[in-house]
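Here is the file my_file.tsv (TSV, C-alpha atoms).
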chain	number	residue	atom	x	y	z
H	80	MET	CA	0.00	0.00	0.00
H	81	GLU	CA	2.88	2.32	0.86
H	82	PHE	CA	4.51	1.61	-2.50
H	83	ARG	CA	1.29	2.52	-4.30
H	84	GLU	CA	1.02	5.79	-2.37
H	85	GLU	CA	4.66	6.62	-3.11
H	86	LEU	CA	4.14	5.91	-6.80
H	87	LEU	CA	1.00	8.03	-6.93
H	88	ARG	CA	2.68	10.96	-5.16
H	89	ILE	CA	5.40	11.02	-7.83
H	90	ILE	CA	3.16	10.76	-10.89
H	91	GLU	CA	0.69	13.24	-9.41
H	92	LYS	CA	3.45	15.84	-9.74
H	93	ASN	CA	4.82	14.61	-13.05
H	94	SER	CA	2.59	12.36	-15.11
H	95	ARG	CA	5.11	12.33	-17.98
H	96	ILE	CA	7.80	10.58	-15.97
H	97	ASP	CA	8.74	7.30	-17.65
H	98	THR	CA	8.68	3.87	-16.07
H	99	LYS	CA	12.47	3.60	-16.15
H	100	GLU	CA	12.85	6.70	-14.00
H	101	LEU	CA	10.05	5.60	-11.70
H	102	ALA	CA	11.79	2.26	-11.21
H	103	VAL	CA	15.02	4.03	-10.14
H	104	LEU	CA	13.24	6.38	-7.77
H	105	LEU	CA	11.20	3.62	-6.18
H	106	GLY	CA	13.89	0.96	-6.10
H	107	VAL	CA	11.91	-1.64	-8.06
H	108	THR	CA	11.98	-3.06	-11.59
H	109	GLU	CA	10.35	-1.42	-14.58
H	110	ASP	CA	8.02	-4.41	-14.88
H	111	THR	CA	6.80	-3.86	-11.30
H	112	VAL	CA	6.11	-0.18	-12.04
H	113	ALA	CA	4.28	-0.99	-15.28
H	114	ALA	CA	2.16	-3.65	-13.59
H	115	GLU	CA	1.28	-1.34	-10.70
H	116	LEU	CA	0.34	1.51	-13.05
H	117	LYS	CA	-1.87	-0.84	-15.03
H	118	ALA	CA	-3.56	-2.06	-11.84
H	119	LEU	CA	-4.11	1.51	-10.64
H	120	GLU	CA	-5.62	2.45	-14.01
H	121	ASN	CA	-7.86	-0.62	-14.01
H	122	ASP	CA	-9.23	-0.04	-10.52
H	123	GLY	CA	-9.93	3.62	-11.31
H	124	THR	CA	-7.36	5.08	-8.89
H	125	ILE	CA	-5.57	6.70	-11.81
H	126	CYS	CA	-8.38	8.43	-13.68
H	127	GLY	CA	-6.33	10.10	-16.41
H	128	TYR	CA	-3.16	11.96	-17.32
H	129	HIS	CA	-3.79	15.66	-17.82
H	130	THR	CA	-1.73	18.64	-18.89
H	131	MET	CA	-1.84	21.84	-16.86
H	132	VAL	CA	-2.32	24.75	-19.20
H	133	ASN	CA	-1.96	28.42	-18.34
H	134	TRP	CA	-4.66	29.73	-20.67
H	135	ASP	CA	-3.71	33.32	-19.79
H	136	ASN	CA	-0.73	32.88	-22.13
H	137	MET	CA	-3.03	32.16	-25.06
H	138	SER	CA	-5.36	34.44	-26.92
H	139	THR	CA	-8.13	31.86	-26.43
H	140	GLU	CA	-11.14	33.31	-24.65
H	141	LYS	CA	-11.86	31.27	-21.54
H	142	VAL	CA	-13.84	31.98	-18.40
H	143	THR	CA	-13.84	29.81	-15.28
H	144	ALA	CA	-16.64	30.11	-12.75
H	145	LEU	CA	-17.24	28.60	-9.33
H	146	ILE	CA	-20.94	28.15	-8.72
H	147	GLU	CA	-22.34	27.49	-5.28
H	148	VAL	CA	-25.55	25.50	-5.63
H	149	LYS	CA	-28.22	24.91	-3.01
H	150	VAL	CA	-30.40	21.90	-3.70
H	151	THR	CA	-33.17	19.89	-2.07
H	152	PRO	CA	-31.86	16.36	-1.50
H	153	GLN	CA	-34.09	13.60	-2.86
H	154	ARG	CA	-35.44	10.83	-0.68
H	155	GLY	CA	-33.30	7.70	-0.84
H	156	GLN	CA	-30.76	9.27	-3.20
H	157	GLY	CA	-29.46	12.24	-1.26
H	158	PHE	CA	-27.43	14.50	-3.52
H	159	ASP	CA	-26.16	11.83	-5.92
H	160	ASN	CA	-28.96	12.08	-8.45
H	161	ILE	CA	-28.83	15.86	-8.83
H	162	ALA	CA	-25.00	15.78	-8.87
H	163	GLU	CA	-25.14	13.27	-11.73
H	164	ARG	CA	-27.50	15.46	-13.72
H	165	ILE	CA	-25.15	18.40	-13.29
H	166	TYR	CA	-21.86	16.63	-14.03
H	167	ASN	CA	-23.25	15.18	-17.24
H	168	TYR	CA	-23.27	18.65	-18.82
H	169	PRO	CA	-20.07	18.74	-20.92
H	170	GLU	CA	-19.22	22.31	-19.90
H	171	VAL	CA	-19.03	21.29	-16.24
H	172	GLU	CA	-15.44	20.62	-15.14
H	173	SER	CA	-15.99	19.46	-11.55
H	174	VAL	CA	-18.79	18.90	-9.06
H	175	TYR	CA	-18.16	18.60	-5.32
H	176	LEU	CA	-20.52	17.92	-2.42
H	177	MET	CA	-19.76	20.54	0.22
H	178	ALA	CA	-20.22	21.04	3.94
H	179	GLY	CA	-21.35	24.52	4.96
H	180	GLY	CA	-23.66	27.15	3.58
H	181	TYR	CA	-24.40	25.46	0.28
H	182	ASP	CA	-24.57	21.89	-1.02
H	183	LEU	CA	-22.69	21.55	-4.30
H	184	MET	CA	-19.74	23.38	-5.80
H	185	VAL	CA	-19.79	23.34	-9.58
H	186	ILE	CA	-16.72	24.43	-11.54
H	187	LEU	CA	-17.55	25.49	-15.03
H	188	GLU	CA	-15.58	26.61	-18.04
H	189	GLY	CA	-17.03	28.70	-20.80
H	190	LYS	CA	-15.84	30.96	-23.59
H	191	THR	CA	-17.50	34.08	-22.24
H	192	ILE	CA	-19.24	35.35	-19.11
H	193	ARG	CA	-22.46	35.38	-21.13
H	194	GLU	CA	-22.06	31.69	-21.93
H	195	VAL	CA	-21.55	30.84	-18.25
H	196	SER	CA	-24.51	33.02	-17.25
H	197	GLY	CA	-26.62	31.26	-19.85
H	198	PHE	CA	-25.71	27.87	-18.40
H	199	VAL	CA	-26.64	28.99	-14.88
H	200	SER	CA	-29.96	30.58	-15.83
H	201	GLU	CA	-31.10	28.13	-18.49
H	202	LYS	CA	-29.72	24.79	-17.37
H	203	LEU	CA	-28.71	24.85	-13.71
H	204	SER	CA	-31.45	26.99	-12.20
H	205	ALA	CA	-34.03	25.19	-14.34
H	206	LEU	CA	-33.42	21.92	-12.47
H	207	GLU	CA	-36.33	21.28	-10.09
H	208	THR	CA	-34.25	20.47	-7.05
H	209	VAL	CA	-31.99	23.51	-7.36
H	210	THR	CA	-33.18	26.17	-4.93
H	211	GLY	CA	-30.43	28.75	-5.38
H	212	THR	CA	-27.08	29.55	-6.98
H	213	ALA	CA	-24.24	32.03	-6.47
H	214	THR	CA	-21.70	32.41	-9.27
H	215	HIS	CA	-18.10	33.56	-8.76
H	216	PHE	CA	-15.86	34.24	-11.75
H	217	ILE	CA	-12.13	33.56	-11.50
H	218	LEU	CA	-10.24	36.67	-12.53
H	219	LYS	CA	-6.73	35.25	-12.37
H	220	LYS	CA	-5.15	31.95	-11.36
H	221	TYR	CA	-1.99	32.34	-9.32
H	222	LYS	CA	-1.49	28.73	-8.30
H	223	ASP	CA	-3.34	25.65	-9.49
H	224	HIS	CA	-2.84	22.00	-8.53
H	225	GLY	CA	0.27	22.97	-6.59
H	226	THR	CA	1.83	24.75	-9.56
H	227	ILE	CA	2.51	28.50	-9.59
H	228	LEU	CA	1.19	29.95	-12.82
H	229	GLY	CA	2.50	32.95	-14.71
H	230	LYS	CA	5.57	33.52	-12.54
H	231	LYS	CA	6.85	37.07	-12.89
H	232	LYS	CA	9.68	37.26	-15.41
H	233	GLU	CA	12.76	39.13	-14.28
H	234	ASP	CA	13.92	41.92	-16.54
H	235	SER	CA	17.51	40.94	-17.32
H	236	ARG	CA	18.17	43.88	-19.65
H	237	GLU	CA	21.13	46.06	-18.87
H	238	ILE	CA	20.57	49.66	-17.85
H	239	VAL	CA	21.87	51.87	-20.65
H	240	THR	CA	22.94	55.41	-19.91
H	241	PRO	CA	23.03	57.65	-22.97
K	120	MET	CA	21.41	13.19	7.89
K	121	ASN	CA	24.63	12.46	6.00
K	122	ASN	CA	25.58	9.57	8.24
K	123	PHE	CA	25.03	6.46	6.16
K	124	ASN	CA	26.63	3.98	8.58
K	125	GLY	CA	24.59	0.83	8.73
K	126	ALA	CA	22.84	1.32	5.39
K	127	ARG	CA	24.86	-1.54	3.87
K	128	THR	CA	24.47	-3.99	6.69
K	129	SER	CA	20.81	-3.33	7.45
K	130	GLY	CA	19.65	-4.78	4.11
K	131	ALA	CA	16.78	-2.29	4.14
K	132	SER	CA	15.87	-0.27	1.08
K	133	PHE	CA	15.91	3.54	1.31
K	134	SER	CA	14.91	6.44	-0.84
K	135	ILE	CA	17.77	8.87	-1.54
K	136	MET	CA	16.79	12.47	-1.02
K	137	VAL	CA	18.48	15.85	-1.38
K	138	ARG	CA	17.87	19.13	0.40
K	139	GLY	CA	19.11	22.37	-1.15
K	140	TYR	CA	20.81	23.07	-4.47
K	141	ALA	CA	23.91	21.26	-5.66
K	142	GLY	CA	26.97	23.31	-6.58
K	143	SER	CA	25.55	26.79	-5.96
K	144	TYR	CA	28.19	27.83	-3.43
K	145	GLY	CA	31.08	26.55	-5.55
K	146	ALA	CA	29.69	28.19	-8.68
K	147	ALA	CA	29.25	31.52	-6.90
K	148	LYS	CA	32.78	31.35	-5.49
K	149	ALA	CA	34.30	30.42	-8.86
K	150	CYS	CA	32.42	33.25	-10.54
K	151	MET	CA	33.64	35.88	-8.08
K	152	GLU	CA	37.22	34.60	-8.25
K	153	THR	CA	37.30	34.83	-12.04
K	154	ALA	CA	38.88	37.98	-13.39
K	155	GLY	CA	37.32	39.34	-16.55
K	156	VAL	CA	34.68	37.71	-18.71
K	157	PRO	CA	35.18	34.06	-19.72
K	158	GLU	CA	35.65	33.42	-23.42
K	159	GLY	CA	32.41	32.74	-25.25
K	160	THR	CA	30.28	34.49	-22.60
K	161	ARG	CA	28.58	37.77	-23.24
K	162	GLU	CA	29.50	40.61	-20.92
K	163	HIS	CA	25.94	41.37	-19.85
K	164	THR	CA	25.37	37.68	-19.09
K	165	TRP	CA	28.47	37.58	-16.91
K	166	THR	CA	27.42	40.79	-15.15
K	167	ARG	CA	24.09	39.16	-14.32
K	168	LEU	CA	25.81	35.98	-13.08
K	169	ARG	CA	28.26	37.97	-10.92
K	170	LYS	CA	25.34	39.80	-9.37
K	171	TRP	CA	23.72	36.46	-8.53
K	172	ALA	CA	27.03	35.07	-7.26
K	173	GLY	CA	27.57	38.02	-4.90
K	174	ALA	CA	24.10	37.60	-3.46
K	175	ALA	CA	24.58	33.82	-3.15
K	176	LEU	CA	27.86	34.20	-1.23
K	177	ASP	CA	26.15	36.67	1.13
K	178	LYS	CA	23.30	34.23	1.62
K	179	TYR	CA	25.64	31.33	2.36
K	180	SER	CA	27.89	33.36	4.64
K	181	GLY	CA	28.44	31.24	7.76
K	182	ALA	CA	26.65	28.23	6.26
K	183	LYS	CA	28.06	24.72	6.48
K	184	ILE	CA	29.97	24.07	3.26
K	185	GLN	CA	29.64	20.59	1.81
K	186	PRO	CA	31.69	18.93	-0.91
K	187	GLY	CA	30.24	18.51	-4.39
K	188	MET	CA	27.30	16.25	-5.14
K	189	HIS	CA	29.62	13.67	-6.73
K	190	THR	CA	31.57	13.40	-3.48
K	191	LEU	CA	28.40	13.19	-1.40
K	192	LEU	CA	27.13	10.38	-3.61
K	193	TRP	CA	30.52	8.68	-3.58
K	194	ASN	CA	30.50	8.74	0.24
K	195	LEU	CA	27.04	7.24	0.20
K	196	GLY	CA	28.34	4.54	-2.13
K	197	GLU	CA	30.88	3.51	0.48
K	198	GLU	CA	27.96	2.19	2.49
K	199	THR	CA	25.43	1.02	-0.05
K	200	GLY	CA	24.76	0.53	-3.72
K	201	PHE	CA	22.39	2.98	-5.36
K	202	LYS	CA	20.73	4.22	-8.50
K	203	VAL	CA	20.10	7.95	-8.88
K	204	ILE	CA	18.66	10.21	-11.58
K	205	LEU	CA	21.13	13.03	-12.17
K	206	ARG	CA	18.62	15.49	-13.60
K	207	ASP	CA	16.43	15.19	-10.50
K	208	ILE	CA	19.18	16.72	-8.34
K	209	PRO	CA	18.09	20.33	-7.73
K	210	LEU	CA	20.32	22.92	-9.41
K	211	GLU	CA	20.06	26.67	-9.75
K	212	GLN	CA	20.04	27.96	-13.31
K	213	GLU	CA	22.80	30.48	-12.57
K	214	ALA	CA	25.06	27.78	-11.11
K	215	VAL	CA	24.65	25.76	-14.31
K	216	GLU	CA	25.42	28.81	-16.47
K	217	ILE	CA	28.55	29.68	-14.46
K	218	ALA	CA	29.79	26.08	-14.56
K	219	GLU	CA	29.29	26.01	-18.33
K	220	ALA	CA	31.04	29.34	-18.84
K	221	LEU	CA	34.05	28.23	-16.76
K	222	GLY	CA	34.13	24.66	-18.07
K	223	LEU	CA	33.37	23.17	-14.64
K	224	ASP	CA	31.18	20.25	-13.63
K	225	VAL	CA	28.40	21.65	-11.46
K	226	TYR	CA	28.12	18.32	-9.62
K	227	GLU	CA	31.76	18.65	-8.53
K	228	LEU	CA	31.29	22.14	-7.12
K	229	GLU	CA	30.84	22.75	-3.40
K	230	SER	CA	27.40	23.18	-1.98
K	231	ALA	CA	26.18	25.05	1.07
K	232	GLU	CA	23.40	23.83	3.33
K	233	THR	CA	22.95	20.84	1.03
K	234	GLU	CA	22.19	17.46	2.47
K	235	ILE	CA	21.81	14.03	1.06
K	236	ALA	CA	19.81	11.63	3.17
K	237	LEU	CA	18.36	8.14	3.21
K	238	CYS	CA	14.66	8.27	3.95
K	239	THR	CA	11.61	6.09	4.01
K	240	TYR	CA	8.14	7.09	2.92
K	241	PRO	CA	6.52	9.51	3.79
K	242	TYR	CA	9.26	11.81	2.57
K	243	PRO	CA	10.33	15.07	4.26
K	244	GLU	CA	8.46	17.94	2.58
K	245	ASP	CA	11.55	20.01	1.86
K	246	MET	CA	13.59	17.27	0.20
K	247	THR	CA	13.71	16.00	-3.37
K	248	LEU	CA	13.68	12.33	-4.26
K	249	ILE	CA	16.60	11.47	-6.56
K	250	GLY	CA	16.91	7.69	-6.37
K	251	HIS	CA	16.99	4.55	-4.31
K	252	THR	CA	19.49	2.33	-2.58
K	253	CYS	CA	19.99	-1.17	-3.94
K	254	GLU	CA	21.84	-4.32	-3.01
K	255	GLY	CA	25.53	-4.64	-3.86
K	256	ARG	CA	28.05	-1.83	-4.31
K	257	ASP	CA	27.11	-0.48	-7.72
K	258	LYS	CA	26.81	3.30	-7.90
K	259	ILE	CA	24.68	3.86	-10.98
K	260	VAL	CA	23.81	7.29	-12.30
K	261	PHE	CA	21.13	7.87	-14.93
K	262	ASN	CA	21.50	10.91	-17.14
K	263	GLY	CA	18.64	11.02	-19.62
K	264	SER	CA	18.60	7.67	-21.37
K	265	VAL	CA	22.26	6.97	-20.50
K	266	SER	CA	23.25	5.09	-17.38
K	267	SER	CA	26.81	4.89	-16.09
K	268	TYR	CA	28.79	4.03	-13.01
K	269	LEU	CA	29.71	6.99	-10.82
K	270	ASN	CA	33.37	7.91	-11.24
K	271	ARG	CA	35.51	8.68	-8.23
K	272	PRO	CA	35.20	12.46	-7.63
K	273	GLY	CA	37.77	14.45	-9.56
K	274	GLU	CA	38.35	11.75	-12.17
Structure encoded using structure tokens:
Amino acid sequence: MEFREELLRIIEKNSRIDTKELAVLLGVTEDTVAAELKALENDGTICGYHTMVNWDNMSTEKVTALIEVKVTPQRGQGFDNIAERIYNYPEVESVYLMAGGYDLMVILEGKTIREVSGFVSEKLSALETVTGTATHFILKKYKDHGTILGKKKEDSREIVTP
Amino acid sequence: MNNFNGARTSGASFSIMVRGYAGSYGAAKACMETAGVPEGTREHTWTRLRKWAGAALDKYSGAKIQPGMHTLLWNLGEETGFKVILRDIPLEQEAVEIAEALGLDVYELESAETEIALCTYPYPEDMTLIGHTCEGRDKIVFNGSVSSYLNRPGE
């Protein structure tokens, strides 16, 4: 179990690391690493290998919103049914069940604020069990998934005196 | 942390971890001791590196100076066999640039406040995993797709 955790900690930070390097770091053979990765993929512990993108560096229009959602839980199903209806929308990035002042946190990505607003008013609020929403737009990401984004570049130019 | 006595005889397997940057102190010292601009280096680049070197020497003033990473690994190899990934050893960009400009091996340069330690999981938060101990006395270093035996420091 400890070996699995150690392996997961490493690939969580660098999913592009190859099995040869993993074998050296973990003190096992490449075959052991490959078999463990396969097992972790098969049992759903490893759900995918993603690339972190700083979209601020691109001209692509992209808006991320955090939406607090209050819902009425359904008898026998709690929040699972409504969560499933929400996460099945392709524009929804993440859905979390929360403790506190609201029930679900929905993270949404859209091209424009209007697109996100349209999703909230036409799709999310229209669900019967949703009793209220509060939408927060992300203005800038400083750190995401443990990675600092858009680190300030130092000006290395020499000072020139005329 | 740098005491590896018993690692060979215990038969246990350890992760090899590093704290701090390898070769920064030695690179800073070499930079400040160099008169003029090394051949093939632009003047404004060297000015920037000297500025970094001055600040680094101030920062490491009074710090415990350690030998180069090669020596630290060699000492570890006296007690146990190991496999390490060279590129996972933390380096500062400026130290690499100075070593290149002066034709030095950054892994041979002295370090300050750098430690190499044998750990078990969970790892210390402030250390970087660079490899693992293994049975026998082989000291194997991986550099990209190339693996080689660690040479005695200075060779």
Do you know which residues are at most 9 Å from Met131 of chain H counting all atoms listed in the file, after dropping those on the same chain fewer than 5 positions away, and could you put them as a short mmCIF file (atom, residue, chain, number, x, y, z; two decimals) with C-alpha atoms, in the coordinates of the input?
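Written file, selection30.cif:
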data_model
loop_
_atom_site.label_atom_id
_atom_site.label_comp_id
_atom_site.auth_asym_id
_atom_site.auth_seq_id
_atom_site.Cartn_x
_atom_site.Cartn_y
_atom_site.Cartn_z
CA ASP H 223 -3.34 25.65 -9.49
CA HIS H 224 -2.84 22.00 -8.53
CA THR H 226 1.83 24.75 -9.56
#
Please enclose the listed atoms of segment 162-172 of chain K in an axis-aligned box, pad each side by 3 Å, and write out the centre and the three edge lengths in Å, rounded to one decimal, as lines of an AutoDock Vina configuration file.
center_x = 26.6
center_y = 38.2
center_z = -14.1
size_x = 11.8
size_y = 12.3
size_z = 19.7
Item to check | Polymer residues at most 8 Å from (30.5, 23.8, -6.3) by only C-alpha atoms, as a count of residues only | outcome: 16
Set out as a Markdown table a contact list for chain H and chain K with a cut-off of 7 Å, giving each residue of chain H that qualifies its closest atom pair and distance in Å to one decimal, counting only C-alpha atoms, ordered by chain and rising residue number.
| residue | atom | partner | partner_atom | distance |
| --- | --- | --- | --- | --- |
| H:Glu85 | CA | K:Tyr240 | CA | 7.0 |
| H:Val103 | CA | K:Gly250 | CA | 5.6 |
| H:Leu104 | CA | K:Gly250 | CA | 4.1 |
| H:Leu105 | CA | K:His251 | CA | 6.2 |
| H:Gly106 | CA | K:His251 | CA | 5.1 |
| H:Glu237 | CA | K:His163 | CA | 6.8 |
Next on the checklist: Residues near Gly225 of chain H, anyone? I mean within 12 Å using all atoms listed in the file, not counting same-chain ones fewer than 3 positions away, as a list in words.
Outcome noted: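 Residues meeting the cut-off are Glu91, Lys92, Asn93, Met131, Lys220, Tyr221, Lys222 and Leu228 of chain H.
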Item to check | Expected answer as number ranges by chain: all residues with atoms within 9 Å of (-13.9, 33.4, -9.2), all atoms listed in the file | outcome: H: 143-146, 214-219
Next on the checklist: Could you tell me how far atom CA of Ala213 of chain H sits from atom CA of Glu147 of chain H, in Å to one decimal place?
Outcome noted: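 For atom CA of Glu147 of chain H relative to atom CA of Ala213 of chain H, the distance reads 5.1 Å.
Atom to atom, atom CA of Ala205 of chain H and atom CA of Asp159 of chain H stand 17.6 Å apart.
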Item to check | One-decimal distance in Å that lies between atom CA of Ile217 of chain K and atom CA of Cys150 of chain K | outcome: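 Rounded to one decimal, the two atoms are 6.6 Å apart.
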Checklist entry - Between H:Glu194, H:Asn133, H:Thr108, H:Tyr175, which is the closest to Ala162 of chain H once you count only C-alpha atoms? => result H:Tyr175
Checklist entry - Looking at H:Glu201, H:Glu140, H:Glu172, H:Glu100, which one is nearest to Ile186 of chain H, with distances taken over only C-alpha atoms? => result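 Ranking H:Glu201, H:Glu140, H:Glu172, H:Glu100 by distance to Ile186 of chain H, first place goes to H:Glu172.
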Add whatever atoms are absent from segment 149-172 of chain K to reach N, CA and C atoms, and provide the output as a short mmCIF file (atom, residue, chain, number, x, y, z; two decimals), keeping the file's coordinate frame.
data_model
loop_
_atom_site.label_atom_id
_atom_site.label_comp_id
_atom_site.auth_asym_id
_atom_site.auth_seq_id
_atom_site.Cartn_x
_atom_site.Cartn_y
_atom_site.Cartn_z
N ALA K 149 33.49 30.45 -7.64
CA ALA K 149 34.30 30.42 -8.86
C ALA K 149 34.04 31.66 -9.72
N CYS K 150 32.79 32.07 -9.74
CA CYS K 150 32.42 33.25 -10.54
C CYS K 150 33.11 34.50 -9.99
N MET K 151 33.06 34.67 -8.67
CA MET K 151 33.64 35.88 -8.08
C MET K 151 35.17 35.87 -8.15
N GLU K 152 35.75 34.69 -8.21
CA GLU K 152 37.22 34.60 -8.25
C GLU K 152 37.76 34.73 -9.68
N THR K 153 36.86 34.74 -10.65
CA THR K 153 37.30 34.83 -12.04
C THR K 153 37.46 36.30 -12.45
N ALA K 154 38.64 36.61 -12.93
CA ALA K 154 38.88 37.98 -13.39
C ALA K 154 38.45 38.09 -14.86
N GLY K 155 37.76 39.14 -15.17
CA GLY K 155 37.32 39.34 -16.55
C GLY K 155 36.14 38.46 -16.93
N VAL K 156 35.83 38.47 -18.20
CA VAL K 156 34.68 37.71 -18.71
C VAL K 156 35.20 36.46 -19.43
N PRO K 157 34.71 35.28 -19.06
CA PRO K 157 35.18 34.06 -19.72
C PRO K 157 34.91 34.10 -21.23
N GLU K 158 35.78 33.46 -21.97
CA GLU K 158 35.65 33.42 -23.42
C GLU K 158 34.33 32.74 -23.81
N GLY K 159 33.66 33.32 -24.76
CA GLY K 159 32.41 32.74 -25.25
C GLY K 159 31.20 33.18 -24.44
N THR K 160 31.41 34.01 -23.42
CA THR K 160 30.28 34.49 -22.60
C THR K 160 30.09 35.98 -22.85
N ARG K 161 28.85 36.36 -22.99
CA ARG K 161 28.58 37.77 -23.24
C ARG K 161 28.77 38.57 -21.93
N GLU K 162 29.19 39.80 -22.10
CA GLU K 162 29.50 40.61 -20.92
C GLU K 162 28.27 40.82 -20.04
N HIS K 163 27.13 41.09 -20.67
CA HIS K 163 25.94 41.37 -19.85
C HIS K 163 25.46 40.10 -19.13
N THR K 164 25.72 38.94 -19.75
CA THR K 164 25.37 37.68 -19.09
C THR K 164 26.24 37.48 -17.86
N TRP K 165 27.54 37.76 -18.02
CA TRP K 165 28.47 37.58 -16.91
C TRP K 165 28.17 38.57 -15.78
N THR K 166 27.78 39.79 -16.16
CA THR K 166 27.42 40.79 -15.15
C THR K 166 26.24 40.28 -14.31
N ARG K 167 25.26 39.71 -15.02
CA ARG K 167 24.09 39.16 -14.32
C ARG K 167 24.50 38.01 -13.40
N LEU K 168 25.39 37.14 -13.88
CA LEU K 168 25.81 35.98 -13.08
C LEU K 168 26.64 36.43 -11.87
N ARG K 169 27.46 37.46 -12.05
CA ARG K 169 28.26 37.97 -10.92
C ARG K 169 27.35 38.58 -9.86
N LYS K 170 26.30 39.21 -10.31
CA LYS K 170 25.34 39.80 -9.37
C LYS K 170 24.70 38.68 -8.53
N TRP K 171 24.32 37.61 -9.23
CA TRP K 171 23.72 36.46 -8.53
C TRP K 171 24.74 35.84 -7.58
N ALA K 172 25.99 35.72 -8.05
CA ALA K 172 27.03 35.07 -7.26
C ALA K 172 27.31 35.86 -5.97
#
